[in-house]
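Report on one structure; see the data block that follows.
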Amino acid sequence: MLAALGDVVDDIVVHIDASAPATAIHVGSDTDVTIVRRRGGSAANVASVAARLCGAARFLGQVGNDAIADVLLGELLADGVDVSCVRRHGRTGAIVVLVDATGERSFLSDPGSARALDRPEPRWLDDVEVLHVPFYSLVDEPMAGTAATLIGWAHERSVAVSMDVSSVTVLEIRYVPPIVVA
């Protein structure tokens with residue numbers, strides 16, 4: 001089984017009219033768009049695909065005590081994801097995904113309580129063969145400490161660990177010194 005540590009969020013995808021130029025947002029006024037809502041979050045998406053392809057996956061994370069969390073967790077359950085290790089506290093995060101006419105995506109991210117996950121439990125890794133950790137889970141405390149603890153436990157149990165770099169901007173801002181060209 002794969003366990004994915006991280007976030008499940010409400011993706012609010014805003015498509016700008018494909019016939020308009022890429023800079024067609026009318027600042028300070030109305031802009032015609034198409035809006036679609038769907039479940040998002042790197043870890044949730046990985047868990048969902050793994051459950052559908054392999055028959056078993058677990059999502060490790062925190063969501064809010066709100067109606068949108070009920071919907072998002074229900075969708076994960078419908079995909080066959082084990083959500084028994086999810087904590088409920090605060091409010092569920094959301095991401096506005098702006099998609100311009102060329103297909104380029106930009107994200108306006110509000111993680112809500114997702115990165116507040118703390119107090120990991122060893123049982124979260126029971127029956128797990130792979131722990132997947134998106135870079136987002138290593139950025140903010142207390143989630144970063146939770147990730148480090150789970151990665152340590154995974155190594156002790158000979159559980160493979162996979163990682164993805166998630167957002168280039170988050171990686172650059174947090175860990176890569178700026179390059180100065182003279």
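Each chain in the structure tokens gets a letter, A, B, ..., in the order shown, and its residues are numbered from 1; ligands are numbered from 1 in order too.
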Exercise for the section: Using backbone DSSP assignments, extract all strand (DSSP E or B) residues from range 10-165 of chain A; output them as a PyMOL selection string. Expected result: chain A and resi 10-16+33-40+57-63+81-82+87-88+92-99+105-112+130-134+160-164
Next, the residues of the selection above should be written as a PDB file, in the first residue's frame with C-alpha atoms.
ATOM      1  CA  ASP A  10     -10.748  22.515  -2.828  1.00  0.00           C
ATOM      2  CA  ASP A  11      -9.402  23.385  -6.289  1.00  0.00           C
ATOM      3  CA  ILE A  12     -11.270  26.305  -7.818  1.00  0.00           C
ATOM      4  CA  VAL A  13     -10.188  26.254 -11.445  1.00  0.00           C
ATOM      5  CA  VAL A  14     -10.767  29.480 -13.380  1.00  0.00           C
ATOM      6  CA  HIS A  15     -10.477  29.163 -17.183  1.00  0.00           C
ATOM      7  CA  ILE A  16     -10.091  32.423 -19.038  1.00  0.00           C
ATOM      8  CA  VAL A  33     -14.496  32.897 -17.267  1.00  0.00           C
ATOM      9  CA  THR A  34     -15.527  29.288 -16.729  1.00  0.00           C
ATOM     10  CA  ILE A  35     -15.147  28.036 -13.157  1.00  0.00           C
ATOM     11  CA  VAL A  36     -14.880  24.373 -12.186  1.00  0.00           C
ATOM     12  CA  ARG A  37     -14.438  23.017  -8.660  1.00  0.00           C
ATOM     13  CA  ARG A  38     -12.711  19.722  -7.970  1.00  0.00           C
ATOM     14  CA  ARG A  39     -10.725  17.877  -5.356  1.00  0.00           C
ATOM     15  CA  GLY A  40      -7.078  18.846  -5.394  1.00  0.00           C
ATOM     16  CA  ALA A  57      -3.752   3.644  -0.690  1.00  0.00           C
ATOM     17  CA  ARG A  58      -3.922   5.772   2.434  1.00  0.00           C
ATOM     18  CA  PHE A  59      -4.121   9.544   2.749  1.00  0.00           C
ATOM     19  CA  LEU A  60      -2.346  11.087   5.738  1.00  0.00           C
ATOM     20  CA  GLY A  61      -3.332  14.668   6.398  1.00  0.00           C
ATOM     21  CA  GLN A  62      -5.488  17.236   8.084  1.00  0.00           C
ATOM     22  CA  VAL A  63      -8.637  18.931   6.840  1.00  0.00           C
ATOM     23  CA  VAL A  81      -8.509   5.615  -0.390  1.00  0.00           C
ATOM     24  CA  ASP A  82      -8.209   4.836   3.333  1.00  0.00           C
ATOM     25  CA  ARG A  87      -7.357  14.606  11.375  1.00  0.00           C
ATOM     26  CA  ARG A  88     -10.149  17.203  11.371  1.00  0.00           C
ATOM     27  CA  THR A  92     -10.035  23.146   4.714  1.00  0.00           C
ATOM     28  CA  GLY A  93      -7.625  24.760   2.271  1.00  0.00           C
ATOM     29  CA  ALA A  94      -8.384  25.966  -1.218  1.00  0.00           C
ATOM     30  CA  ILE A  95      -6.398  26.795  -4.314  1.00  0.00           C
ATOM     31  CA  VAL A  96      -7.546  29.102  -7.072  1.00  0.00           C
ATOM     32  CA  VAL A  97      -6.037  27.811 -10.312  1.00  0.00           C
ATOM     33  CA  LEU A  98      -5.947  30.472 -13.011  1.00  0.00           C
ATOM     34  CA  VAL A  99      -5.719  28.937 -16.490  1.00  0.00           C
ATOM     35  CA  ARG A 105      -1.597  27.677 -14.914  1.00  0.00           C
ATOM     36  CA  SER A 106      -0.974  29.951 -11.937  1.00  0.00           C
ATOM     37  CA  PHE A 107      -1.934  29.027  -8.382  1.00  0.00           C
ATOM     38  CA  LEU A 108      -3.262  31.175  -5.557  1.00  0.00           C
ATOM     39  CA  SER A 109      -2.815  28.870  -2.572  1.00  0.00           C
ATOM     40  CA  ASP A 110      -4.428  28.889   0.876  1.00  0.00           C
ATOM     41  CA  PRO A 111      -3.487  25.637   2.657  1.00  0.00           C
ATOM     42  CA  GLY A 112      -5.959  26.193   5.510  1.00  0.00           C
ATOM     43  CA  VAL A 130       5.720   3.269   0.049  1.00  0.00           C
ATOM     44  CA  LEU A 131       5.427   6.645   1.812  1.00  0.00           C
ATOM     45  CA  HIS A 132       4.939   9.482  -0.675  1.00  0.00           C
ATOM     46  CA  VAL A 133       5.861  12.981   0.526  1.00  0.00           C
ATOM     47  CA  PRO A 134       5.287  16.066  -1.644  1.00  0.00           C
ATOM     48  CA  ALA A 160      10.355   3.067   0.554  1.00  0.00           C
ATOM     49  CA  VAL A 161      10.004   6.854   0.484  1.00  0.00           C
ATOM     50  CA  SER A 162       9.171   8.805  -2.662  1.00  0.00           C
ATOM     51  CA  MET A 163       9.163  12.577  -2.979  1.00  0.00           C
ATOM     52  CA  ASP A 164       8.126  15.123  -5.550  1.00  0.00           C
TER      53      ASP A 164
END
Practice task
With a distance cut-off of 12 Å and only C-alpha atoms, select the neighbouring residues of Thr149 in chain A, excluding the residue or stretch itself and same-chain residues fewer than 3 positions from it, and output the selection as a VMD selection string.
Solution key: chain A and resid 5 117 to 122 124 to 125 131 133 137 to 138 142 to 146 152 to 156
Problem - Those in range 9-89 of chain A with helix (DSSP H, G or I) from DSSP, as a list in words - result: Ser42, Ala43, Ala44, Asn45, Val46, Ala47, Ser48, Val49, Ala50, Ala51, Arg52, Leu53, Cys54, Ala67, Ile68, Ala69, Asp70, Val71, Leu72, Leu73, Gly74, Glu75, Leu76, Leu77 and Ala78 of chain A
Exercise for the section: For each of A:Cys54, A:Ile68, A:Ala3, A:Val46, take the minimum atom-to-atom distance to Asp126 in chain A, counting only C-alpha atoms, then give the residue where this is smallest. Expected result: A:Ala3
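Distance check against Ala50 in chain A using only C-alpha atoms: of A:Ser158, A:Leu2, A:Ala116, A:Val8, the minimum falls on A:Leu2.
Once Arg52 in chain A and its same-chain neighbours fewer than 6 positions away are set aside, Ala78, Asp79, Gly80 and Val81 of chain A remain within 10 Å of it when counting only C-alpha atoms.
The shortest atom-to-atom distance to Leu73 in chain A, with only C-alpha atoms taken into account, belongs to A:Ala47 out of A:Ala101, A:Val165, A:Leu53, A:Ala47.
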Practice task
Please indicate the distance in Å from CA of Asn65 in chain A to CA of Val83 in chain A, rounded to one decimal place.
Solution key: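 Computing it gives 14.6 Å between the two atoms.
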Exercise for the section: Could you check how far CA of Ala43 in chain A sits from CA of Ile151 in chain A, in Å to one decimal? Expected result: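 According to the coordinates, CA of Ala43 in chain A and CA of Ile151 in chain A are separated by 14.9 Å.
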Exercise for the section: Choose the residue, out of A:Gly41, A:Gly103, A:Gly55, A:Gly28, that has the smallest atom-to-atom separation from Gly6 in chain A; count only C-alpha atoms. Expected result: A:Gly41
